[in-house]
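data_32.cif, holding mmCIF, C-alpha atoms:
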data_structure
#
loop_
_atom_site.group_PDB
_atom_site.id
_atom_site.type_symbol
_atom_site.label_atom_id
_atom_site.label_comp_id
_atom_site.auth_asym_id
_atom_site.auth_seq_id
_atom_site.Cartn_x
_atom_site.Cartn_y
_atom_site.Cartn_z
ATOM 1 C CA MET A 1 36.293 113.645 71.221
ATOM 2 C CA ALA A 2 37.300 115.934 68.400
ATOM 3 C CA VAL A 3 35.699 119.183 67.333
ATOM 4 C CA ASP A 4 36.628 121.418 64.426
ATOM 5 C CA VAL A 5 37.880 124.900 65.358
ATOM 6 C CA LYS A 6 37.750 127.638 62.712
ATOM 7 C CA ILE A 7 40.482 130.255 63.054
ATOM 8 C CA PRO A 8 39.962 133.770 61.622
ATOM 9 C CA THR A 9 42.581 135.107 59.219
ATOM 10 C CA VAL A 10 43.985 137.561 61.751
ATOM 11 C CA LEU A 11 44.921 134.761 64.183
ATOM 12 C CA ARG A 12 46.264 132.252 61.682
ATOM 13 C CA ALA A 13 49.834 133.514 61.954
ATOM 14 C CA GLN A 14 49.721 132.382 65.587
ATOM 15 C CA ALA A 15 48.281 128.999 64.563
ATOM 16 C CA ASP A 16 50.836 127.856 62.022
ATOM 17 C CA GLY A 17 48.755 129.351 59.209
ATOM 18 C CA GLN A 18 45.890 126.920 59.711
ATOM 19 C CA ALA A 19 42.285 127.925 58.985
ATOM 20 C CA SER A 20 40.755 124.904 60.668
ATOM 21 C CA ILE A 21 42.135 122.736 63.476
ATOM 22 C CA SER A 22 40.786 119.505 64.941
ATOM 23 C CA VAL A 23 41.006 119.660 68.747
ATOM 24 C CA ASP A 24 39.885 117.364 71.568
ATOM 25 C CA GLY A 25 37.867 118.798 74.445
ATOM 26 C CA GLU A 26 34.514 118.472 76.162
ATOM 27 C CA THR A 27 33.960 122.184 76.714
ATOM 28 C CA VAL A 28 34.970 125.326 74.837
ATOM 29 C CA GLY A 29 37.362 126.167 77.693
ATOM 30 C CA LEU A 30 39.085 122.794 77.431
ATOM 31 C CA VAL A 31 39.356 123.198 73.660
ATOM 32 C CA PHE A 32 40.932 126.625 74.193
ATOM 33 C CA ASP A 33 43.387 125.059 76.698
ATOM 34 C CA GLN A 34 44.419 122.526 74.049
ATOM 35 C CA LEU A 35 44.736 125.191 71.387
ATOM 36 C CA ILE A 36 46.867 127.398 73.646
ATOM 37 C CA THR A 37 49.092 124.465 74.580
ATOM 38 C CA LYS A 38 49.672 123.820 70.883
ATOM 39 C CA PHE A 39 49.881 127.486 69.903
ATOM 40 C CA PRO A 40 50.810 129.666 72.915
ATOM 41 C CA GLY A 41 50.705 132.795 70.742
ATOM 42 C CA LEU A 42 46.901 132.500 70.647
ATOM 43 C CA ARG A 43 46.510 132.996 74.394
ATOM 44 C CA PRO A 44 46.448 136.815 74.566
ATOM 45 C CA ASN A 45 43.870 136.852 71.763
ATOM 46 C CA LEU A 46 41.530 134.295 73.301
ATOM 47 C CA ILE A 47 41.741 134.810 77.055
ATOM 48 C CA GLY A 48 41.192 138.136 78.825
ATOM 49 C CA ASP A 49 42.996 139.468 81.906
ATOM 50 C CA ASP A 50 40.237 138.046 84.107
ATOM 51 C CA GLY A 51 40.773 134.510 82.776
ATOM 52 C CA GLY A 52 37.486 134.599 80.864
ATOM 53 C CA MET A 53 36.918 134.933 77.172
ATOM 54 C CA HIS A 54 38.670 137.906 75.591
ATOM 55 C CA LYS A 55 36.200 140.711 74.892
ATOM 56 C CA PHE A 56 37.526 141.177 71.364
ATOM 57 C CA VAL A 57 36.540 137.716 70.203
ATOM 58 C CA ASN A 58 33.176 136.117 69.683
ATOM 59 C CA VAL A 59 32.906 132.360 69.791
ATOM 60 C CA TYR A 60 30.188 130.274 68.237
ATOM 61 C CA VAL A 61 29.418 126.607 68.701
ATOM 62 C CA ASN A 62 27.685 125.698 65.474
ATOM 63 C CA ASP A 63 25.068 128.515 65.195
ATOM 64 C CA ASP A 64 25.098 129.679 68.807
ATOM 65 C CA ASP A 65 27.081 132.448 70.506
ATOM 66 C CA ILE A 66 28.605 130.953 73.656
ATOM 67 C CA ARG A 67 27.947 134.204 75.558
ATOM 68 C CA PHE A 68 24.310 133.104 75.512
ATOM 69 C CA LEU A 69 25.157 129.505 76.429
ATOM 70 C CA ASP A 70 27.602 128.697 79.246
ATOM 71 C CA LYS A 71 30.517 130.784 77.900
ATOM 72 C CA LEU A 72 33.774 128.833 78.278
ATOM 73 C CA ASP A 73 31.896 126.065 80.124
ATOM 74 C CA THR A 74 29.702 125.410 77.066
ATOM 75 C CA LYS A 75 29.658 121.682 76.468
ATOM 76 C CA LEU A 76 30.649 120.213 73.117
ATOM 77 C CA GLU A 77 29.719 117.092 71.219
ATOM 78 C CA ALA A 78 31.778 115.215 68.673
ATOM 79 C CA GLY A 79 31.503 116.866 65.286
ATOM 80 C CA ASP A 80 30.650 120.327 66.642
ATOM 81 C CA THR A 81 32.227 123.326 64.958
ATOM 82 C CA VAL A 82 33.723 126.034 67.152
ATOM 83 C CA THR A 83 34.175 129.294 65.236
ATOM 84 C CA ILE A 84 36.380 132.068 66.594
ATOM 85 C CA LEU A 85 35.492 135.493 65.208
ATOM 86 C CA PRO A 86 37.173 138.837 65.802
ATOM 87 C CA ALA A 87 34.918 141.560 67.163
ATOM 88 C CA VAL A 88 34.781 144.192 64.408
ATOM 89 C CA ALA A 89 34.027 147.678 65.644
ATOM 90 C CA GLY A 90 34.915 151.345 65.302
ATOM 91 C CA GLY A 91 33.178 154.551 64.404
ATOM 92 C CA ALA A 92 33.478 158.282 64.152
ATOM 93 C CA LEU A 93 33.685 158.865 67.894
ATOM 94 C CA MET B 1 46.671 147.661 46.505
ATOM 95 C CA GLU B 2 43.555 148.944 44.783
ATOM 96 C CA LEU B 3 40.066 148.228 46.082
ATOM 97 C CA ARG B 4 37.890 147.163 43.150
ATOM 98 C CA LEU B 5 34.151 147.408 43.671
ATOM 99 C CA THR B 6 31.544 146.635 41.051
ATOM 100 C CA ASP B 7 28.786 149.187 40.357
ATOM 101 C CA THR B 8 26.348 146.965 42.223
ATOM 102 C CA GLN B 9 28.623 146.535 45.250
ATOM 103 C CA TYR B 10 29.185 150.285 45.366
ATOM 104 C CA ARG B 11 25.436 150.900 45.306
ATOM 105 C CA VAL B 12 24.859 148.263 48.012
ATOM 106 C CA ILE B 13 27.402 149.954 50.280
ATOM 107 C CA ILE B 14 26.129 153.490 49.722
ATOM 108 C CA GLY B 15 22.502 152.372 50.028
ATOM 109 C CA ASN B 16 23.276 150.559 53.273
ATOM 110 C CA CYS B 17 24.878 153.696 54.681
ATOM 111 C CA TYR B 18 21.798 155.819 53.909
ATOM 112 C CA ASP B 19 19.413 153.111 55.106
ATOM 113 C CA GLY B 20 21.070 153.103 58.521
ATOM 114 C CA LEU B 21 20.638 156.834 59.195
ATOM 115 C CA PRO B 22 20.642 158.382 61.724
ATOM 116 C CA ASN B 23 22.987 155.636 62.927
ATOM 117 C CA GLU B 24 26.266 154.465 61.490
ATOM 118 C CA SER B 25 25.982 151.492 59.155
ATOM 119 C CA CYS B 26 28.431 148.689 58.511
ATOM 120 C CA GLY B 27 29.064 145.638 56.367
ATOM 121 C CA LEU B 28 31.678 143.120 55.379
ATOM 122 C CA LEU B 29 33.675 142.633 52.199
ATOM 123 C CA VAL B 30 34.437 139.116 51.009
ATOM 124 C CA GLY B 31 36.997 138.374 48.350
ATOM 125 C CA PRO B 32 39.967 136.317 47.237
ATOM 126 C CA THR B 33 43.380 136.399 48.875
ATOM 127 C CA VAL B 34 46.831 135.330 47.762
ATOM 128 C CA ASP B 35 49.056 134.076 50.575
ATOM 129 C CA GLY B 36 46.576 135.585 53.022
ATOM 130 C CA VAL B 37 46.656 139.033 51.426
ATOM 131 C CA PRO B 38 43.514 140.453 49.762
ATOM 132 C CA THR B 39 43.870 141.049 46.044
ATOM 133 C CA GLY B 40 41.569 144.089 46.128
ATOM 134 C CA VAL B 41 38.792 142.225 44.310
ATOM 135 C CA VAL B 42 35.492 141.955 46.179
ATOM 136 C CA THR B 43 33.127 139.086 45.457
ATOM 137 C CA GLU B 44 30.476 140.015 48.012
ATOM 138 C CA ALA B 45 29.503 143.214 49.831
ATOM 139 C CA ARG B 46 27.400 142.017 52.759
ATOM 140 C CA PRO B 47 25.457 144.576 54.816
ATOM 141 C CA ALA B 48 25.543 143.796 58.528
ATOM 142 C CA VAL B 49 23.590 144.907 61.561
ATOM 143 C CA ASN B 50 25.285 147.632 63.598
ATOM 144 C CA ALA B 51 24.906 146.018 67.011
ATOM 145 C CA ASP B 52 25.675 149.375 68.665
ATOM 146 C CA ALA B 53 22.689 151.066 66.943
ATOM 147 C CA SER B 54 24.661 154.287 67.386
ATOM 148 C CA ALA B 55 25.344 157.429 65.346
ATOM 149 C CA ARG B 56 28.923 157.478 66.635
ATOM 150 C CA THR B 57 30.125 153.864 66.791
ATOM 151 C CA TYR B 58 29.529 150.547 65.107
ATOM 152 C CA SER B 59 30.001 146.889 65.961
ATOM 153 C CA VAL B 60 29.369 144.296 63.292
ATOM 154 C CA ALA B 61 26.805 141.866 64.701
ATOM 155 C CA SER B 62 28.693 138.657 65.406
ATOM 156 C CA LYS B 63 26.023 136.571 63.670
ATOM 157 C CA ASP B 64 26.723 138.528 60.477
ATOM 158 C CA MET B 65 30.447 137.848 60.921
ATOM 159 C CA LEU B 66 29.671 134.145 61.239
ATOM 160 C CA ARG B 67 27.518 134.164 58.089
ATOM 161 C CA ALA B 68 30.164 136.089 56.137
ATOM 162 C CA MET B 69 32.923 133.744 57.249
ATOM 163 C CA ARG B 70 30.876 130.725 56.135
ATOM 164 C CA SER B 71 29.990 132.284 52.816
ATOM 165 C CA ALA B 72 33.625 133.177 52.237
ATOM 166 C CA GLU B 73 34.710 129.637 53.034
ATOM 167 C CA GLU B 74 32.149 128.185 50.588
ATOM 168 C CA HIS B 75 33.640 130.298 47.821
ATOM 169 C CA SER B 76 37.291 129.737 48.785
ATOM 170 C CA CYS B 77 37.488 133.387 49.773
ATOM 171 C CA GLU B 78 38.044 135.299 53.015
ATOM 172 C CA ILE B 79 36.593 138.313 54.772
ATOM 173 C CA VAL B 80 38.889 140.977 53.324
ATOM 174 C CA GLY B 81 37.480 144.152 54.797
ATOM 175 C CA VAL B 82 34.720 146.106 56.430
ATOM 176 C CA TRP B 83 32.857 149.291 55.628
ATOM 177 C CA HIS B 84 31.125 151.748 57.881
ATOM 178 C CA SER B 85 29.637 155.191 57.602
ATOM 179 C CA HIS B 86 30.639 158.419 59.270
ATOM 180 C CA THR B 87 27.413 160.350 59.368
ATOM 181 C CA HIS B 88 28.823 163.769 60.290
ATOM 182 C CA THR B 89 32.597 163.512 59.861
ATOM 183 C CA ASP B 90 35.059 163.090 57.018
ATOM 184 C CA PRO B 91 35.863 159.704 55.445
ATOM 185 C CA PHE B 92 39.052 159.231 57.417
ATOM 186 C CA PRO B 93 39.733 156.652 60.161
ATOM 187 C CA SER B 94 39.002 158.028 63.624
ATOM 188 C CA PRO B 95 41.196 157.211 66.628
ATOM 189 C CA THR B 96 38.560 154.581 67.503
ATOM 190 C CA ASP B 97 38.842 153.072 64.026
ATOM 191 C CA VAL B 98 42.615 152.816 64.392
ATOM 192 C CA ARG B 99 42.537 151.478 67.938
ATOM 193 C CA THR B 100 39.963 148.799 67.152
ATOM 194 C CA SER B 101 41.259 147.789 63.719
ATOM 195 C CA VAL B 102 41.298 144.019 63.525
ATOM 196 C CA ASP B 103 43.416 142.792 60.709
ATOM 197 C CA PRO B 104 46.338 144.670 59.120
ATOM 198 C CA SER B 105 45.620 143.049 55.746
ATOM 199 C CA TRP B 106 41.984 144.223 55.639
ATOM 200 C CA MET B 107 40.599 147.036 53.530
ATOM 201 C CA TYR B 108 38.755 149.545 55.724
ATOM 202 C CA VAL B 109 36.131 151.430 53.758
ATOM 203 C CA ILE B 110 34.620 154.582 55.219
ATOM 204 C CA VAL B 111 31.657 156.358 53.654
ATOM 205 C CA SER B 112 31.118 159.936 54.760
ATOM 206 C CA LEU B 113 27.596 161.313 54.578
ATOM 207 C CA LYS B 114 28.738 164.674 55.902
ATOM 208 C CA HIS B 115 28.308 166.456 52.588
ATOM 209 C CA GLY B 116 25.574 166.362 49.964
ATOM 210 C CA ALA B 117 27.123 163.485 48.026
ATOM 211 C CA PRO B 118 28.514 160.372 49.730
ATOM 212 C CA MET B 119 32.313 160.099 49.790
ATOM 213 C CA LEU B 120 33.818 156.593 49.835
ATOM 214 C CA ARG B 121 37.459 156.067 50.766
ATOM 215 C CA ALA B 122 39.472 152.933 51.594
ATOM 216 C CA TYR B 123 42.472 152.368 53.835
ATOM 217 C CA ASN B 124 44.830 149.824 55.281
ATOM 218 C CA ILE B 125 45.396 150.260 58.993
ATOM 219 C CA ALA B 126 48.489 148.441 60.244
ATOM 220 C CA ASN B 127 50.471 149.152 63.408
ATOM 221 C CA ASP B 128 48.620 152.449 63.886
ATOM 222 C CA THR B 129 49.663 153.545 60.384
ATOM 223 C CA ILE B 130 46.895 154.577 57.994
ATOM 224 C CA THR B 131 47.508 154.127 54.266
ATOM 225 C CA GLU B 132 44.878 155.269 51.778
ATOM 226 C CA LEU B 133 44.080 152.840 48.965
ATOM 227 C CA SER B 134 42.923 153.773 45.503
ATOM 228 C CA VAL B 135 39.370 152.714 44.710
ATOM 229 C CA ALA B 136 38.119 151.596 41.302
ATOM 230 C CA ILE B 137 34.416 151.226 40.552
ATOM 231 C CA VAL B 138 34.122 148.716 37.712
ATOM 232 C CA ARG B 139 31.181 147.578 35.620
ATOM 233 C CA ASP B 140 29.423 144.405 36.776
#
Spell out the structure here as structure tokens.
Amino acid sequence: MAVDVKIPTVLRAQADGQASISVDGETVGLVFDQLITKFPGLRPNLIGDDGGMHKFVNVYVNDDDIRFLDKLDTKLEAGDTVTILPAVAGGAL
Amino acid sequence: MELRLTDTQYRVIIGNCYDGLPNESCGLLVGPTVDGVPTGVVTEARPAVNADASARTYSVASKDMLRAMRSAEEHSCEIVGVWHSHTHTDPFPSPTDVRTSVDPSWMYVIVSLKHGAPMLRAYNIANDTITELSVAIVRD
């Protein structure tokens, strides 16, 4: 069951320059496993030290942030779009 | 590289920074790239929600990132930068700005509201090195 994964510009160098990758997987975690198997350089950007989602990325399934679903256990259906977004932050502090 | 903003984009950015007071404001720049590198042209200046709602830090609301990424894709563009305000400090990247910088190709715009008139500056931040960019405001 394939879903479309959108890769942000900053991570494309680790993904062979691709902006969009078709990956099989029934949950976001399984899709990430497939992606990391294909492109090991993505691992430190996607997975945190605790094995969960890295705090500097946000992941959406279609229009929903997976932090408010089941995080990496969020289930996927064929044709879903998984979008990986960098967390953009800073400030005067 | 030179950041090129239209009059309207400039006004959107400055207006967004004042609208957000007393908190920091932020937004995303969308534009074309060549071989993954921004050209300096901006096609959209998109105000975003500062999810931190703070006078000292900002986080672009992830939903606004998602919308900007989709809009960019529709127009064969990319997110090419981000702006935020410094309400009481100079328009220069703070240690936080450097530490949390996302993409070495991005243009980082900082608007200082410290003085009477807003001051807008732009930078590249790559490998902890800050390089100021020239900024051109062009007619729409």
**OP:** Please provide as a ChimeraX atom specification all residues within 8 Å of stretch 35-43 of chain A, with the sequence filter that same-chain residues fewer than 4 positions apart are discarded (counting only C-alpha atoms).
**Re:** /A:11,14-16,23,31,47
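Among the candidate residues B:Thr57, B:Pro118, B:Gly36, B:Val98, the one lying nearest to chain A is B:Thr57, with distances computed using all atoms listed in the file.
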Sorted by chain and rising residue number, list the residues of chain B at most 6 Å from chain A (counting all atoms listed in the file), each with its closest atom pair and distance in Å to one decimal, as JSON lines.
{"residue": "B:Arg56", "atom": "CA", "partner": "A:Leu93", "partner_atom": "CA", "distance": 5.1}
{"residue": "B:Thr57", "atom": "CA", "partner": "A:Gly91", "partner_atom": "CA", "distance": 3.9}
{"residue": "B:Tyr58", "atom": "CA", "partner": "A:Ala89", "partner_atom": "CA", "distance": 5.4}
{"residue": "B:Ser59", "atom": "CA", "partner": "A:Ala89", "partner_atom": "CA", "distance": 4.1}
{"residue": "B:Val60", "atom": "CA", "partner": "A:Val88", "partner_atom": "CA", "distance": 5.5}
{"residue": "B:His86", "atom": "CA", "partner": "A:Ala92", "partner_atom": "CA", "distance": 5.6}
{"residue": "B:Ser94", "atom": "CA", "partner": "A:Ala92", "partner_atom": "CA", "distance": 5.6}
{"residue": "B:Thr96", "atom": "CA", "partner": "A:Gly90", "partner_atom": "CA", "distance": 5.3}
{"residue": "B:Asp97", "atom": "CA", "partner": "A:Gly90", "partner_atom": "CA", "distance": 4.5}
{"residue": "B:Thr100", "atom": "CA", "partner": "A:Gly90", "partner_atom": "CA", "distance": 5.9}
{"residue": "B:Asp103", "atom": "CA", "partner": "A:Val10", "partner_atom": "CA", "distance": 5.4}
Original post:
What separation in Å, quoted to one decimal, exists between atom CA of A:Lys75 and atom CA of A:His54?
Top reply: 18.6 Å
Subject >> Residue IDs satisfying the PyMOL selection byres ((chain B and resi 104) around 6), as a list in words >> reply: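 This file gives the following for the PyMOL selection byres ((chain B and resi 104) around 6): Asp103, Ser105, Trp106, Ile125 and Ala126 of chain B.
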Subject >> For atom CA of B:Ala53 and atom CA of B:Tyr18, the interatomic separation in Å (one decimal) >> reply: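 According to the coordinates, atom CA of B:Ala53 and atom CA of B:Tyr18 are separated by 13.9 Å.
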Subject >> Picked residues, the PyMOL selection byres ((chain A and resi 67-72) around 7), as JSON, numbers by chain >> reply: {"A": [27, 28, 29, 53, 65, 66, 73, 74]}
Let me see the file: selected residues, C-alpha atoms, as a PDB file, in the coordinates of the input.
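Written file, result.pdb:
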ATOM      1  CA  THR A  27      33.960 122.184  76.714  1.00  0.00           C
ATOM      2  CA  VAL A  28      34.970 125.326  74.837  1.00  0.00           C
ATOM      3  CA  GLY A  29      37.362 126.167  77.693  1.00  0.00           C
ATOM      4  CA  MET A  53      36.918 134.933  77.172  1.00  0.00           C
ATOM      5  CA  ASP A  65      27.081 132.448  70.506  1.00  0.00           C
ATOM      6  CA  ILE A  66      28.605 130.953  73.656  1.00  0.00           C
ATOM      7  CA  ASP A  73      31.896 126.065  80.124  1.00  0.00           C
ATOM      8  CA  THR A  74      29.702 125.410  77.066  1.00  0.00           C
TER       9      THR A  74
END
Original post:
Contacts of B:Asp19 at 12 Å or less, counting all atoms listed in the file, minus same-chain residues fewer than 6 places along, as a ChimeraX atom specification?
Top reply: /B:11-13,25-26,47-50,85,87,113
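When only C-alpha atoms are used to measure the gap to A:Asp80, the shortest distance among A:Ile7, A:Leu46, A:Gly25, A:Gln18 belongs to A:Gly25.
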Subject >> Atomic separation - atom CA of B:Arg70 relative to atom CA of B:Thr43, Å >> reply: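 Going from atom CA of B:Thr43 over to atom CA of B:Arg70 covers 13.7 Å.
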List, as a PDB file with C-alpha atoms, in the coordinates of the input, every residue that the PyMOL selection byres ((chain B and resi 132) around 12) selects in the file provided.
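Dumped to part14.pdb:
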ATOM      1  CA  MET B   1      46.671 147.661  46.505  1.00  0.00           C
ATOM      2  CA  GLU B   2      43.555 148.944  44.783  1.00  0.00           C
ATOM      3  CA  LEU B   3      40.066 148.228  46.082  1.00  0.00           C
ATOM      4  CA  PRO B  91      35.863 159.704  55.445  1.00  0.00           C
ATOM      5  CA  PHE B  92      39.052 159.231  57.417  1.00  0.00           C
ATOM      6  CA  PRO B  93      39.733 156.652  60.161  1.00  0.00           C
ATOM      7  CA  MET B 107      40.599 147.036  53.530  1.00  0.00           C
ATOM      8  CA  TYR B 108      38.755 149.545  55.724  1.00  0.00           C
ATOM      9  CA  VAL B 109      36.131 151.430  53.758  1.00  0.00           C
ATOM     10  CA  ILE B 110      34.620 154.582  55.219  1.00  0.00           C
ATOM     11  CA  LEU B 120      33.818 156.593  49.835  1.00  0.00           C
ATOM     12  CA  ARG B 121      37.459 156.067  50.766  1.00  0.00           C
ATOM     13  CA  ALA B 122      39.472 152.933  51.594  1.00  0.00           C
ATOM     14  CA  TYR B 123      42.472 152.368  53.835  1.00  0.00           C
ATOM     15  CA  ASN B 124      44.830 149.824  55.281  1.00  0.00           C
ATOM     16  CA  ILE B 125      45.396 150.260  58.993  1.00  0.00           C
ATOM     17  CA  ALA B 126      48.489 148.441  60.244  1.00  0.00           C
ATOM     18  CA  THR B 129      49.663 153.545  60.384  1.00  0.00           C
ATOM     19  CA  ILE B 130      46.895 154.577  57.994  1.00  0.00           C
ATOM     20  CA  THR B 131      47.508 154.127  54.266  1.00  0.00           C
ATOM     21  CA  LEU B 133      44.080 152.840  48.965  1.00  0.00           C
ATOM     22  CA  SER B 134      42.923 153.773  45.503  1.00  0.00           C
ATOM     23  CA  VAL B 135      39.370 152.714  44.710  1.00  0.00           C
TER      24      VAL B 135
END
**OP:** Using all atoms listed in the file, determine which residues lie at most 7 Å from B:Lys114, disregarding the query and same-chain residues fewer than 6 positions distant; provide the list as a PyMOL selection string.
**Re:** chain B and resi 87-90
Original post:
Residues around (41.3, 136.5, 51.6), cut-off 8 Å, counting all atoms listed in the file - what are they as a list of chain:residue names?
Top reply: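 The distance filter leaves exactly A:Thr9, B:Val30, B:Gly31, B:Pro32, B:Thr33, B:Val34, B:Gly36, B:Val37, B:Pro38, B:Thr39, B:Cys77, B:Glu78, B:Ile79, B:Val80.
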As a short mmCIF file (atom, residue, chain, number, x, y, z; two decimals), in the frame of the given file, please: stretch 37-45 of chain B completed to all heavy atoms.
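Contents of selection_36.cif, freshly written:
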data_model
loop_
_atom_site.label_atom_id
_atom_site.label_comp_id
_atom_site.auth_asym_id
_atom_site.auth_seq_id
_atom_site.Cartn_x
_atom_site.Cartn_y
_atom_site.Cartn_z
N VAL B 37 46.78 137.59 51.67
CA VAL B 37 46.66 139.03 51.43
C VAL B 37 45.54 139.28 50.40
O VAL B 37 45.55 138.67 49.33
CB VAL B 37 47.99 139.61 50.90
CG1 VAL B 37 47.85 141.10 50.61
CG2 VAL B 37 49.11 139.35 51.91
N PRO B 38 44.58 140.16 50.72
CA PRO B 38 43.51 140.45 49.76
C PRO B 38 44.09 140.96 48.44
O PRO B 38 45.10 141.67 48.42
CB PRO B 38 42.72 141.57 50.46
CG PRO B 38 43.01 141.40 51.91
CD PRO B 38 44.42 140.90 51.99
N THR B 39 43.42 140.60 47.36
CA THR B 39 43.87 141.05 46.04
C THR B 39 43.29 142.42 45.69
O THR B 39 43.73 143.06 44.74
CB THR B 39 43.43 140.07 44.94
OG1 THR B 39 42.00 140.05 44.91
CG2 THR B 39 43.96 138.66 45.20
N GLY B 40 42.26 142.84 46.44
CA GLY B 40 41.57 144.09 46.13
C GLY B 40 40.23 143.82 45.46
O GLY B 40 39.36 144.68 45.44
N VAL B 41 40.07 142.60 44.93
CA VAL B 41 38.79 142.22 44.31
C VAL B 41 37.79 141.85 45.41
O VAL B 41 38.16 141.22 46.40
CB VAL B 41 38.99 141.03 43.35
CG1 VAL B 41 37.65 140.47 42.88
CG2 VAL B 41 39.84 141.46 42.17
N VAL B 42 36.55 142.28 45.22
CA VAL B 42 35.49 141.96 46.18
C VAL B 42 34.46 141.09 45.46
O VAL B 42 34.00 141.44 44.37
CB VAL B 42 34.84 143.25 46.72
CG1 VAL B 42 33.60 142.95 47.55
CG2 VAL B 42 35.86 144.04 47.55
N THR B 43 34.14 139.95 46.06
CA THR B 43 33.13 139.09 45.46
C THR B 43 31.76 139.29 46.09
O THR B 43 30.74 138.97 45.49
CB THR B 43 33.53 137.60 45.57
OG1 THR B 43 33.82 137.31 46.93
CG2 THR B 43 34.74 137.30 44.72
N GLU B 44 31.74 139.79 47.32
CA GLU B 44 30.48 140.01 48.01
C GLU B 44 30.61 141.23 48.91
O GLU B 44 31.58 141.35 49.67
CB GLU B 44 30.17 138.84 48.95
CG GLU B 44 29.35 137.73 48.41
CD GLU B 44 28.93 136.81 49.57
OE1 GLU B 44 29.80 136.17 50.17
OE2 GLU B 44 27.73 136.77 49.86
N ALA B 45 29.63 142.12 48.86
CA ALA B 45 29.50 143.21 49.83
C ALA B 45 28.27 142.89 50.66
O ALA B 45 27.15 142.92 50.14
CB ALA B 45 29.35 144.55 49.11
#
